[in-house]
$ cat target_23.txt   # compact mmCIF, C-alpha atoms
# COMPACT_ATOMS: atom_id res chain seq x y z
CA MET A 1 -17.36 4.89 -3.53
CA PRO A 2 -21.18 4.77 -3.78
CA THR A 3 -22.98 8.10 -3.36
CA ALA A 4 -24.61 6.97 -0.12
CA VAL A 5 -21.25 6.31 1.48
CA ALA A 6 -19.86 9.66 0.34
CA ALA A 7 -22.95 11.36 1.74
CA ARG A 8 -22.44 9.72 5.11
CA MET A 9 -18.96 11.22 5.21
CA ASP A 10 -20.21 14.78 4.72
CA GLY A 11 -21.17 15.36 8.37
CA THR A 12 -18.50 16.20 10.89
CA GLU A 13 -19.24 13.44 13.39
CA THR A 14 -20.20 10.75 10.89
CA GLY A 15 -17.24 11.63 8.69
CA ARG A 16 -14.87 11.40 11.63
CA ALA A 17 -16.39 8.08 12.67
CA GLU A 18 -15.94 6.66 9.16
CA VAL A 19 -12.28 7.65 9.01
CA LEU A 20 -11.71 6.29 12.53
CA ARG A 21 -13.37 3.02 11.55
CA ARG A 22 -10.93 2.64 8.67
CA LEU A 23 -7.94 3.46 10.85
CA GLU A 24 -9.04 0.99 13.50
CA ALA A 25 -9.55 -1.67 10.86
CA ILE A 26 -5.95 -1.15 9.76
CA CYS A 27 -4.58 -1.67 13.25
CA GLY A 28 -6.76 -4.42 14.63
CA ASP A 29 -8.19 -4.63 18.12
CA ARG A 30 -4.96 -5.68 19.80
CA ASP A 31 -3.25 -2.33 19.33
CA LEU A 32 -6.11 0.09 19.93
CA ALA A 33 -5.35 0.50 23.63
CA SER A 34 -2.11 2.32 22.88
CA LEU A 35 -3.08 3.99 19.60
CA GLY A 36 -6.72 4.78 20.29
CA ARG A 37 -6.43 8.42 21.36
CA ARG A 38 -4.00 9.31 18.60
CA LEU A 39 -6.17 7.59 16.00
CA GLU A 40 -9.11 9.67 17.17
CA ASP A 41 -7.01 12.83 16.84
CA LEU A 42 -5.91 11.79 13.37
CA ALA A 43 -9.49 11.07 12.30
CA GLY A 44 -10.59 14.45 13.57
CA LEU A 45 -7.83 16.18 11.63
CA VAL A 46 -8.41 14.56 8.23
CA HIS A 47 -12.07 13.52 8.11
CA ALA A 48 -13.16 16.55 6.05
CA ASP A 49 -10.20 16.08 3.71
CA MET A 50 -11.04 12.41 3.18
CA ALA A 51 -14.73 13.15 2.64
CA SER A 52 -13.90 15.61 -0.14
CA LEU A 53 -11.51 13.03 -1.60
CA GLU A 54 -14.25 10.39 -1.77
CA ARG A 55 -16.51 12.77 -3.68
CA ASP A 56 -13.78 13.47 -6.22
CA LEU A 57 -12.96 9.76 -6.58
CA ALA A 58 -16.36 9.03 -8.10
CA VAL A 59 -15.89 7.49 -11.55
CA PRO A 60 -18.13 8.98 -14.24
CA SER A 61 -20.91 6.63 -15.24
CA GLY A 62 -20.83 5.61 -18.86
CA PRO A 63 -21.62 2.86 -21.33
CA ARG A 64 -18.10 1.44 -21.33
CA ALA A 65 -17.07 -1.61 -19.34
CA ILE A 66 -13.90 0.20 -18.23
CA HIS A 67 -16.03 2.65 -16.24
CA ALA A 68 -17.85 -0.20 -14.51
CA GLY A 69 -14.61 -2.07 -13.87
CA ALA A 70 -12.81 0.94 -12.40
CA SER A 71 -15.82 1.98 -10.34
CA HIS A 72 -16.14 -1.56 -8.98
CA LEU A 73 -12.67 -1.44 -7.43
CA LEU A 74 -12.90 2.14 -6.16
CA ALA A 75 -16.27 1.40 -4.56
CA LEU A 76 -14.66 -1.32 -2.45
CA GLY A 77 -12.94 1.44 -0.50
CA GLY A 78 -9.54 0.56 0.89
CA LYS A 79 -7.26 2.24 3.38
CA ARG A 80 -6.84 5.48 1.37
CA LEU A 81 -3.47 5.73 3.11
CA ARG A 82 -1.62 7.31 0.19
CA PRO A 83 -4.06 10.22 -0.27
CA MET A 84 -4.08 10.69 3.50
CA CYS A 85 -0.31 11.13 3.25
CA VAL A 86 -0.82 13.87 0.63
CA ALA A 87 -3.29 15.65 2.92
CA LEU A 88 -1.04 15.44 5.98
CA ALA A 89 2.08 16.51 4.07
CA SER A 90 0.26 19.59 2.75
CA ARG A 91 -0.97 20.36 6.26
CA VAL A 92 2.63 20.48 7.48
CA GLY A 93 2.76 23.53 5.21
CA THR A 94 0.00 25.95 4.25
CA GLY A 95 -2.85 23.43 4.23
CA PHE A 96 -4.88 21.04 2.11
CA ASP A 97 -6.51 22.96 -0.74
CA ALA A 98 -8.04 22.08 -4.11
CA ARG A 99 -4.62 21.48 -5.65
CA GLY A 100 -3.63 19.12 -2.85
CA ARG A 101 -6.94 17.31 -3.17
CA ALA A 102 -6.37 16.78 -6.91
CA LEU A 103 -2.96 15.27 -6.14
CA ALA A 104 -4.46 13.08 -3.41
CA VAL A 105 -7.07 11.75 -5.81
CA ALA A 106 -4.37 11.15 -8.41
CA VAL A 107 -2.21 9.02 -6.12
CA GLU A 108 -5.19 6.85 -5.20
CA LEU A 109 -6.08 6.43 -8.89
CA VAL A 110 -2.52 5.36 -9.70
CA HIS A 111 -2.59 2.88 -6.83
CA ASN A 112 -5.89 1.39 -7.99
CA ALA A 113 -4.63 1.23 -11.57
CA THR A 114 -1.73 -0.93 -10.40
CA LEU A 115 -4.15 -3.20 -8.51
CA LEU A 116 -6.25 -3.73 -11.64
CA HIS A 117 -3.11 -4.67 -13.56
CA ASP A 118 -1.74 -6.83 -10.72
CA ASP A 119 -4.93 -8.89 -10.61
CA VAL A 120 -4.41 -9.82 -14.26
CA VAL A 121 -0.73 -10.69 -13.78
CA ASP A 122 -1.46 -12.68 -10.62
CA LEU A 123 -4.74 -14.18 -11.87
CA GLY A 124 -6.41 -12.75 -8.76
CA ASP A 125 -10.08 -13.54 -8.24
CA THR A 126 -10.73 -11.66 -5.00
CA ARG A 127 -9.61 -8.34 -3.58
CA ARG A 128 -10.81 -6.64 -0.40
CA GLY A 129 -13.10 -9.61 0.14
CA ALA A 130 -14.95 -9.17 -3.18
CA PRO A 131 -14.56 -10.47 -6.75
CA THR A 132 -11.91 -8.63 -8.74
CA THR A 133 -12.72 -6.66 -11.86
CA ARG A 134 -11.07 -9.35 -13.98
CA ALA A 135 -13.24 -12.01 -12.33
CA VAL A 136 -16.41 -10.10 -13.20
CA TRP A 137 -15.60 -8.50 -16.59
CA GLY A 138 -12.45 -10.30 -17.74
CA ASN A 139 -8.74 -9.55 -18.08
CA ALA A 140 -9.05 -7.06 -20.93
CA VAL A 141 -11.46 -4.84 -19.01
CA SER A 142 -9.20 -4.92 -15.95
CA ILE A 143 -6.20 -3.85 -18.04
CA PHE A 144 -8.01 -1.07 -19.89
CA ALA A 145 -9.72 0.17 -16.72
CA GLY A 146 -6.29 0.43 -15.10
CA ASP A 147 -4.93 2.30 -18.10
CA TRP A 148 -7.88 4.68 -17.99
CA LEU A 149 -7.38 5.42 -14.28
CA LEU A 150 -3.69 6.06 -14.90
CA VAL A 151 -4.40 8.58 -17.67
CA ASP A 152 -7.04 10.25 -15.50
CA ALA A 153 -4.51 10.55 -12.67
CA LEU A 154 -1.92 12.19 -14.92
CA ARG A 155 -4.49 14.66 -16.21
CA ARG A 156 -5.43 15.62 -12.66
CA VAL A 157 -1.80 16.20 -11.74
CA ARG A 158 -1.28 18.33 -14.84
CA ALA A 159 -4.42 20.38 -14.03
CA ALA A 160 -3.28 20.91 -10.43
CA ASN A 161 -0.17 22.63 -11.85
CA VAL A 162 1.98 22.11 -8.78
CA PRO A 163 5.63 22.50 -9.90
CA GLY A 164 7.53 19.26 -10.32
CA THR A 165 4.70 16.89 -9.47
CA LEU A 166 3.88 15.67 -12.97
CA GLU A 167 7.51 15.10 -13.95
CA ARG A 168 8.18 13.30 -10.68
CA LEU A 169 5.09 11.11 -11.04
CA LEU A 170 6.19 10.03 -14.52
CA ASP A 171 9.56 9.03 -13.04
CA VAL A 172 7.81 7.14 -10.22
CA ILE A 173 5.58 5.22 -12.62
CA ASP A 174 8.70 4.22 -14.52
CA GLU A 175 10.26 3.04 -11.24
CA MET A 176 7.16 1.01 -10.47
CA ILE A 177 7.17 -0.67 -13.88
CA GLN A 178 10.87 -1.52 -13.60
CA ALA A 179 10.36 -2.98 -10.11
CA GLU A 180 7.34 -5.02 -11.22
CA SER A 181 9.39 -6.33 -14.14
CA LEU A 182 12.23 -7.33 -11.81
CA GLN A 183 9.80 -9.13 -9.51
CA LEU A 184 8.27 -10.93 -12.48
CA GLU A 185 11.70 -12.06 -13.66
CA ARG A 186 12.49 -13.42 -10.19
CA ARG A 187 9.26 -15.38 -9.72
CA GLY A 188 9.88 -18.89 -8.53
CA ARG A 189 13.60 -18.26 -8.09
CA LEU A 190 14.46 -19.15 -4.54
CA GLU A 191 17.91 -17.58 -4.72
CA THR A 192 16.33 -14.13 -4.58
CA GLY A 193 18.09 -12.23 -1.78
CA ARG A 194 17.46 -9.27 0.46
CA GLU A 195 19.07 -6.78 -1.93
CA THR A 196 16.68 -7.74 -4.74
CA TRP A 197 13.75 -7.60 -2.33
CA GLU A 198 14.72 -4.07 -1.32
CA ARG A 199 15.03 -2.95 -4.94
CA VAL A 200 11.57 -4.32 -5.73
CA VAL A 201 9.98 -2.81 -2.63
CA GLU A 202 11.53 0.63 -3.04
CA GLY A 203 10.30 0.78 -6.64
CA LYS A 204 7.00 -1.07 -6.43
CA THR A 205 5.63 0.20 -3.12
CA ALA A 206 7.75 2.90 -1.52
CA ALA A 207 8.07 5.05 -4.65
CA LEU A 208 4.36 5.94 -4.67
CA PHE A 209 4.37 6.74 -0.93
CA ARG A 210 7.40 8.92 -1.59
CA TRP A 211 5.57 10.77 -4.35
CA ALA A 212 2.50 11.26 -2.14
CA MET A 213 4.65 13.00 0.46
CA PHE A 214 6.50 15.01 -2.21
CA ALA A 215 3.26 16.14 -3.85
CA GLY A 216 1.65 17.15 -0.57
CA ALA A 217 4.76 19.00 0.53
CA ARG A 218 4.92 20.91 -2.74
CA ALA A 219 1.20 21.73 -2.61
CA GLY A 220 1.72 22.97 0.95
CA GLY A 221 4.55 25.29 -0.12
CA LEU A 222 7.32 23.71 1.94
CA ASP A 223 10.96 24.54 1.21
CA GLU A 224 13.35 21.98 -0.25
CA ARG A 225 14.52 20.83 3.16
CA GLY A 226 10.94 20.10 4.19
CA VAL A 227 10.14 18.40 0.90
CA SER A 228 13.20 16.14 1.20
CA ALA A 229 12.33 15.22 4.78
CA LEU A 230 8.81 14.21 3.83
CA GLU A 231 10.08 12.23 0.84
CA GLU A 232 12.39 10.31 3.18
CA TYR A 233 9.41 9.69 5.45
CA GLY A 234 7.46 8.30 2.48
CA LEU A 235 10.31 6.01 1.45
CA HIS A 236 10.61 4.39 4.87
CA LEU A 237 6.85 4.27 5.39
CA GLY A 238 6.52 2.38 2.10
CA VAL A 239 9.17 -0.19 3.03
CA ALA A 240 7.53 -0.70 6.44
CA PHE A 241 4.14 -1.09 4.75
CA GLN A 242 5.43 -3.78 2.37
CA ALA A 243 7.26 -5.68 5.11
CA ILE A 244 3.98 -5.95 7.03
CA ASP A 245 2.21 -7.01 3.83
CA ASP A 246 4.77 -9.80 3.48
CA LEU A 247 4.13 -10.82 7.08
CA LEU A 248 0.34 -10.81 6.70
CA ASP A 249 0.55 -13.07 3.65
CA LEU A 250 2.02 -15.76 5.89
CA SER A 251 0.41 -15.18 9.27
CA GLY A 252 -2.48 -12.72 8.86
CA ASP A 253 -6.20 -13.04 9.50
CA GLN A 254 -7.84 -13.88 6.18
CA ARG A 255 -11.07 -12.18 7.26
CA ALA A 256 -9.18 -8.94 7.83
CA THR A 257 -6.85 -9.06 4.82
CA GLY A 258 -9.48 -10.22 2.35
CA LYS A 259 -7.14 -12.73 0.72
CA ALA A 260 -5.99 -16.28 1.34
CA LEU A 261 -2.78 -16.97 3.23
CA PHE A 262 0.34 -17.90 1.24
CA THR A 263 -0.99 -16.14 -1.88
CA ASP A 264 2.40 -14.57 -2.63
CA LEU A 265 4.16 -17.90 -2.13
CA ARG A 266 1.75 -19.68 -4.48
CA GLU A 267 2.60 -17.04 -7.09
CA GLY A 268 6.32 -17.69 -6.65
CA LYS A 269 7.09 -14.36 -4.97
CA MET A 270 9.95 -14.46 -2.49
CA THR A 271 8.82 -12.21 0.36
CA TYR A 272 11.09 -11.03 3.15
CA PRO A 273 10.26 -13.75 5.74
CA LEU A 274 10.74 -16.46 3.11
CA ILE A 275 14.12 -15.03 2.16
CA LEU A 276 15.19 -15.06 5.82
CA ALA A 277 13.94 -18.63 6.30
CA MET A 278 15.89 -19.77 3.21
CA GLU A 279 19.05 -18.16 4.57
CA ARG A 280 18.69 -19.78 7.98
CA ASP A 281 17.22 -23.26 7.44
CA ARG A 282 17.78 -25.68 4.56
CA ALA A 283 14.46 -27.35 5.34
CA ALA A 284 12.70 -24.34 3.87
CA GLU A 285 13.90 -24.96 0.30
CA PRO A 286 12.09 -28.24 -0.51
CA LEU A 287 8.91 -26.90 1.08
CA LEU A 288 9.02 -23.72 -0.99
CA ARG A 289 9.73 -25.64 -4.18
CA ALA A 290 6.81 -27.99 -3.53
CA VAL A 291 4.38 -25.11 -3.01
CA ILE A 292 5.55 -23.14 -6.04
CA ALA A 293 5.50 -26.26 -8.25
CA ASP A 294 1.98 -27.11 -6.99
CA GLU A 295 2.89 -30.75 -6.66
CA GLY A 296 -0.49 -31.76 -5.29
CA GLY A 297 -0.99 -33.74 -2.12
CA ASP A 298 -1.71 -32.09 1.22
CA GLU A 299 -1.01 -28.42 0.52
CA GLN A 300 -2.23 -27.31 3.94
CA ALA A 301 0.23 -29.66 5.63
CA ARG A 302 3.06 -28.01 3.68
CA PHE A 303 1.80 -24.58 4.72
CA ASP A 304 1.66 -25.65 8.36
CA GLU A 305 5.19 -27.01 8.14
CA MET A 306 6.35 -23.78 6.51
CA VAL A 307 4.91 -21.75 9.38
CA VAL A 308 6.89 -23.92 11.82
CA VAL A 309 10.09 -23.17 9.88
CA LEU A 310 9.30 -19.45 9.76
CA GLU A 311 8.77 -19.36 13.51
CA ARG A 312 11.79 -21.53 14.30
CA THR A 313 14.10 -19.32 12.25
CA GLY A 314 12.69 -16.10 13.68
CA ALA A 315 11.78 -14.94 10.16
CA LEU A 316 8.34 -13.63 11.13
CA HIS A 317 9.71 -11.80 14.16
CA ASP A 318 12.56 -10.25 12.20
CA CYS A 319 10.27 -9.17 9.38
CA ARG A 320 8.19 -7.20 11.87
CA ALA A 321 11.41 -5.83 13.39
CA LEU A 322 12.44 -4.60 9.93
CA ALA A 323 9.08 -2.84 9.54
CA GLU A 324 9.46 -1.23 12.96
CA THR A 325 12.97 -0.03 12.07
CA HIS A 326 11.76 1.65 8.89
CA ALA A 327 8.74 3.13 10.66
CA GLN A 328 11.12 4.68 13.20
CA ARG A 329 13.30 6.02 10.40
CA ALA A 330 10.20 7.60 8.90
CA VAL A 331 9.43 9.26 12.23
CA ASP A 332 13.04 10.40 12.61
CA ALA A 333 12.86 12.13 9.22
CA LEU A 334 10.17 14.45 10.62
CA ALA A 335 12.54 15.98 13.18
CA VAL A 336 13.54 18.88 10.90
CA LEU A 337 9.92 19.92 10.31
CA PRO A 338 7.81 22.34 12.35
CA GLN A 339 6.08 20.32 15.04
CA GLY A 340 2.31 20.44 15.08
CA LYS A 341 -0.84 18.39 14.56
CA ALA A 342 0.14 17.27 11.06
CA THR A 343 3.57 15.97 12.06
CA GLU A 344 2.04 14.28 15.11
CA ALA A 345 -0.50 12.63 12.79
CA LEU A 346 2.31 11.38 10.53
CA VAL A 347 3.93 9.74 13.56
CA THR A 348 0.61 8.00 14.24
CA VAL A 349 0.38 6.85 10.62
CA ALA A 350 3.84 5.29 10.84
CA GLU A 351 3.00 3.47 14.07
CA ALA A 352 -0.40 2.34 12.79
CA THR A 353 1.18 1.00 9.61
CA VAL A 354 3.37 -1.35 11.61
CA ALA A 355 0.50 -2.34 13.89
CA ARG A 356 -1.95 -3.06 11.08
CA ARG A 357 -3.68 -6.41 10.63
CA ALA A 358 -5.13 -5.79 7.14

$ encode --input "target_23.txt" --output "structure tokens"
Amino acid sequence: MPTAVAARMDGTETGRAEVLRRLEAICGDRDLASLGRRLEDLAGLVHADMASLERDLAVPSGPRAIHAGASHLLALGGKRLRPMCVALASRVGTGFDARGRALAVAVELVHNATLLHDDVVDLGDTRRGAPTTRAVWGNAVSIFAGDWLLVDALRRVRAANVPGTLERLLDVIDEMIQAESLQLERRGRLETGRETWERVVEGKTAALFRWAMFAGARAGGLDERGVSALEEYGLHLGVAFQAIDDLLDLSGDQRATGKALFTDLREGKMTYPLILAMERDRAAEPLLRAVIADEGGDEQARFDEMVVVLERTGALHDCRALAETHAQRAVDALAVLPQGKATEALVTVAEATVARRA
């Protein structure tokens, strides 16, 4: 993030306002009436943590294109939800210290590394409403910048020296690679079912949320029961997050999401609502095949027809219901933990994740 933005987050009130702005942007105006007070409480709890995180996320300036490419993506901001999970998990225990902050920075670097790689695989030209690194500097820079961020993340975890975190992160990265490979193998294959979707989501998305909660819990000195509970929270939060991502790809506000609708479908990815629609209505299959094959003609008409099928089959509704179920399971996992501001904030994060519009 640019220095000026980090500086604005140093003050207590301005820092809190910046974090609240991000949280509100996640949820969208429709849901603020019910979540507003809790979002304000959450912003007040973590604004200093997130300000220190932004300072540590600054990429060293240098002559190499990889520095520029990595800095370009990090400067675009983002939700910073994964590092917030580290901070809150550590606060369930003894608190968010320098070790926890190093782990929080690391999880955000890993996440951004995967985005740099994803943009090459998906030929993405925009992210967060701005040109991608690959669009500005090319595919090679995007790949090497992602590799560099990943190595930097691992070094930070090693330096933090929190038992088990480095070994677990290596396992999680392996899970993510395996899940990405499975998704790549299934591209364009309409017979992809719910079980495959779950395997991809648990490895590609939920695994990193799970590690964020594990790392924060370990940094906060929680016992094994507490660590396991927060890992379970992270697993279900990640599945809920991805289900909403799938929903937003088909029915979101492009101004809020920063990407065009039906992007996943164009890339041949079978998201959860599409899988449900295929199961429930044969009319979905020829439409999906036409979009994936890019047969020309009136693409928007096909999209409009697909939305009708998704609504008729209840696929959009049931995708949101799935996200809500997993968000509730995440909240239920917190029951064994000491109740306090941090656990209350984690409940808010789960609810805001389901309510998000970006």

$ residues_around --input "target_23.txt" --residues "Ile275 in chain A" --least-positions-apart "5" --cutoff "8 Å" --atoms "only C-alpha atoms" --output "list in words"
Leu190, Thr192, Gly193, Arg194 and Met270 of chain A

$ atom_distance --input "target_23.txt" --atom1 "CA of Leu276 in chain A" --atom2 "CA of Gly238 in chain A"
19.8 Å

$ residues_around --input "target_23.txt" --residues "Glu180 in chain A" --least-positions-apart "6" --cutoff "8 Å" --atoms "all atoms listed in the file" --output "JSON, numbers by chain"
{"A": [200, 203, 204]}

$ residues_near_point --input "target_23.txt" --point "(0.3, 19.0, -8.1)" --cutoff "8 Å" --atoms "all atoms listed in the file" --output "count of residues only"
18

$ closest_residue --input "target_23.txt" --among "A:Asp281, A:Gly220, A:Asp298, A:Glu344" --to "Gly95 in chain A" --atoms "only C-alpha atoms"
A:Gly220

$ residues_near_point --input "target_23.txt" --point "(8.5, -16.6, 8.3)" --cutoff "9 Å" --atoms "all atoms listed in the file" --output "list in words"
Leu247, Leu250, Ser251, Tyr272, Pro273, Leu274, Ile275, Leu276, Ala277, Met306, Val307, Val308, Val309, Leu310, Glu311, Arg312, Thr313, Gly314, Ala315, Leu316, His317, Asp318 and Cys319 of chain A

$ write_last_selection --input "target_23.txt" --atoms "C-alpha atoms" --output "tab-separated table (two decimals), in the frame of the given file"
chain	number	residue	atom	x	y	z
A	247	LEU	CA	4.13	-10.82	7.08
A	250	LEU	CA	2.02	-15.76	5.89
A	251	SER	CA	0.41	-15.18	9.27
A	272	TYR	CA	11.09	-11.03	3.15
A	273	PRO	CA	10.26	-13.75	5.74
A	274	LEU	CA	10.74	-16.46	3.11
A	275	ILE	CA	14.12	-15.03	2.16
A	276	LEU	CA	15.19	-15.06	5.82
A	277	ALA	CA	13.94	-18.63	6.30
A	306	MET	CA	6.35	-23.78	6.51
A	307	VAL	CA	4.91	-21.75	9.38
A	308	VAL	CA	6.89	-23.92	11.82
A	309	VAL	CA	10.09	-23.17	9.88
A	310	LEU	CA	9.30	-19.45	9.76
A	311	GLU	CA	8.77	-19.36	13.51
A	312	ARG	CA	11.79	-21.53	14.30
A	313	THR	CA	14.10	-19.32	12.25
A	314	GLY	CA	12.69	-16.10	13.68
A	315	ALA	CA	11.78	-14.94	10.16
A	316	LEU	CA	8.34	-13.63	11.13
A	317	HIS	CA	9.71	-11.80	14.16
A	318	ASP	CA	12.56	-10.25	12.20
A	319	CYS	CA	10.27	-9.17	9.38

$ closest_residue --input "target_23.txt" --among "A:Leu57, A:Ala104, A:Ala243, A:Met278" --to "Pro83 in chain A" --atoms "all atoms listed in the file"
A:Ala104

$ residues_around --input "target_23.txt" --residues "His326 in chain A" --least-positions-apart "2" --cutoff "7 Å" --atoms "all atoms listed in the file" --output "MDAnalysis selection string"
chainID A and resid 236:237 239:240 322:324 328:330

$ atom_distance --input "target_23.txt" --atom1 "CA of Arg55 in chain A" --atom2 "CA of Leu73 in chain A"
15.2 Å

$ closest_residue --input "target_23.txt" --among "A:Leu182, A:Ile66, A:Ala293, A:Ile177" --to "Val136 in chain A" --atoms "all atoms listed in the file"
A:Ile66

$ atom_distance --input "target_23.txt" --atom1 "CA of Ala327 in chain A" --atom2 "CA of Thr263 in chain A"
25.0 Å

$ closest_residue --input "target_23.txt" --among "A:Ile292, A:Leu76, A:Val201, A:Val86" --to "Val105 in chain A" --atoms "all atoms listed in the file"
A:Val86

$ closest_residue --input "target_23.txt" --among "A:Gly234, A:Gly44, A:Gly340, A:Gly221" --to "Glu202 in chain A" --atoms "only C-alpha atoms"
A:Gly234

$ closest_residue --input "target_23.txt" --among "A:Thr133, A:Gly124, A:Phe96, A:Gln183" --to "Ala260 in chain A" --atoms "only C-alpha atoms"
A:Gly124

$ axis_aligned_box --input "target_23.txt" --around "range 314-328 of chain A" --padding-each-side "8 Å" --output "lines of an AutoDock Vina configuration file"
center_x = 10.6
center_y = -5.7
center_z = 11.5
size_x = 20.8
size_y = 36.8
size_z = 21.3

$ residues_around --input "target_23.txt" --residues "Ser228 in chain A" --least-positions-apart "4" --cutoff "9 Å" --atoms "all atoms listed in the file" --output "ChimeraX atom specification"
/A:214,217,223-224,232-233,333

$ build_atoms --input "target_23.txt" --residues "range 119-126 of chain A" --atoms "all heavy atoms" --output "compact mmCIF listing (two decimals), in the coordinates of the input"
# COMPACT_ATOMS: atom_id res chain seq x y z
N ASP A 119 -3.98 -7.78 -10.65
CA ASP A 119 -4.93 -8.89 -10.61
C ASP A 119 -4.89 -9.72 -11.89
O ASP A 119 -5.14 -10.93 -11.86
CB ASP A 119 -6.35 -8.36 -10.38
CG ASP A 119 -6.56 -7.89 -8.94
OD1 ASP A 119 -5.82 -8.35 -8.06
OD2 ASP A 119 -7.46 -7.06 -8.71
N VAL A 120 -4.56 -9.07 -13.01
CA VAL A 120 -4.41 -9.82 -14.26
C VAL A 120 -3.12 -10.63 -14.24
O VAL A 120 -3.10 -11.82 -14.57
CB VAL A 120 -4.42 -8.85 -15.47
CG1 VAL A 120 -4.12 -9.61 -16.76
CG2 VAL A 120 -5.77 -8.15 -15.58
N VAL A 121 -2.02 -10.00 -13.82
CA VAL A 121 -0.73 -10.69 -13.78
C VAL A 121 -0.78 -11.87 -12.82
O VAL A 121 -0.26 -12.96 -13.11
CB VAL A 121 0.38 -9.70 -13.36
CG1 VAL A 121 1.71 -10.44 -13.16
CG2 VAL A 121 0.55 -8.60 -14.41
N ASP A 122 -1.43 -11.66 -11.66
CA ASP A 122 -1.46 -12.68 -10.62
C ASP A 122 -2.65 -13.62 -10.72
O ASP A 122 -2.81 -14.50 -9.87
CB ASP A 122 -1.48 -12.01 -9.24
CG ASP A 122 -0.25 -11.14 -8.99
OD1 ASP A 122 0.79 -11.42 -9.62
OD2 ASP A 122 -0.34 -10.19 -8.20
N LEU A 123 -3.51 -13.39 -11.72
CA LEU A 123 -4.74 -14.18 -11.87
C LEU A 123 -5.59 -14.12 -10.61
O LEU A 123 -6.17 -15.12 -10.16
CB LEU A 123 -4.41 -15.64 -12.23
CG LEU A 123 -3.57 -15.83 -13.50
CD1 LEU A 123 -3.29 -17.31 -13.72
CD2 LEU A 123 -4.26 -15.23 -14.72
N GLY A 124 -5.67 -12.92 -10.01
CA GLY A 124 -6.41 -12.75 -8.76
C GLY A 124 -7.90 -12.74 -8.98
O GLY A 124 -8.41 -12.07 -9.88
N ASP A 125 -8.61 -13.47 -8.14
CA ASP A 125 -10.08 -13.54 -8.24
C ASP A 125 -10.80 -12.75 -7.16
O ASP A 125 -11.99 -12.45 -7.30
CB ASP A 125 -10.54 -15.00 -8.18
CG ASP A 125 -10.12 -15.78 -9.42
OD1 ASP A 125 -10.09 -15.18 -10.51
OD2 ASP A 125 -9.81 -16.98 -9.29
N THR A 126 -10.11 -12.45 -6.06
CA THR A 126 -10.73 -11.66 -5.00
C THR A 126 -9.78 -10.57 -4.55
O THR A 126 -8.56 -10.73 -4.57
CB THR A 126 -11.10 -12.53 -3.78
OG1 THR A 126 -9.91 -13.14 -3.25
CG2 THR A 126 -12.11 -13.61 -4.15
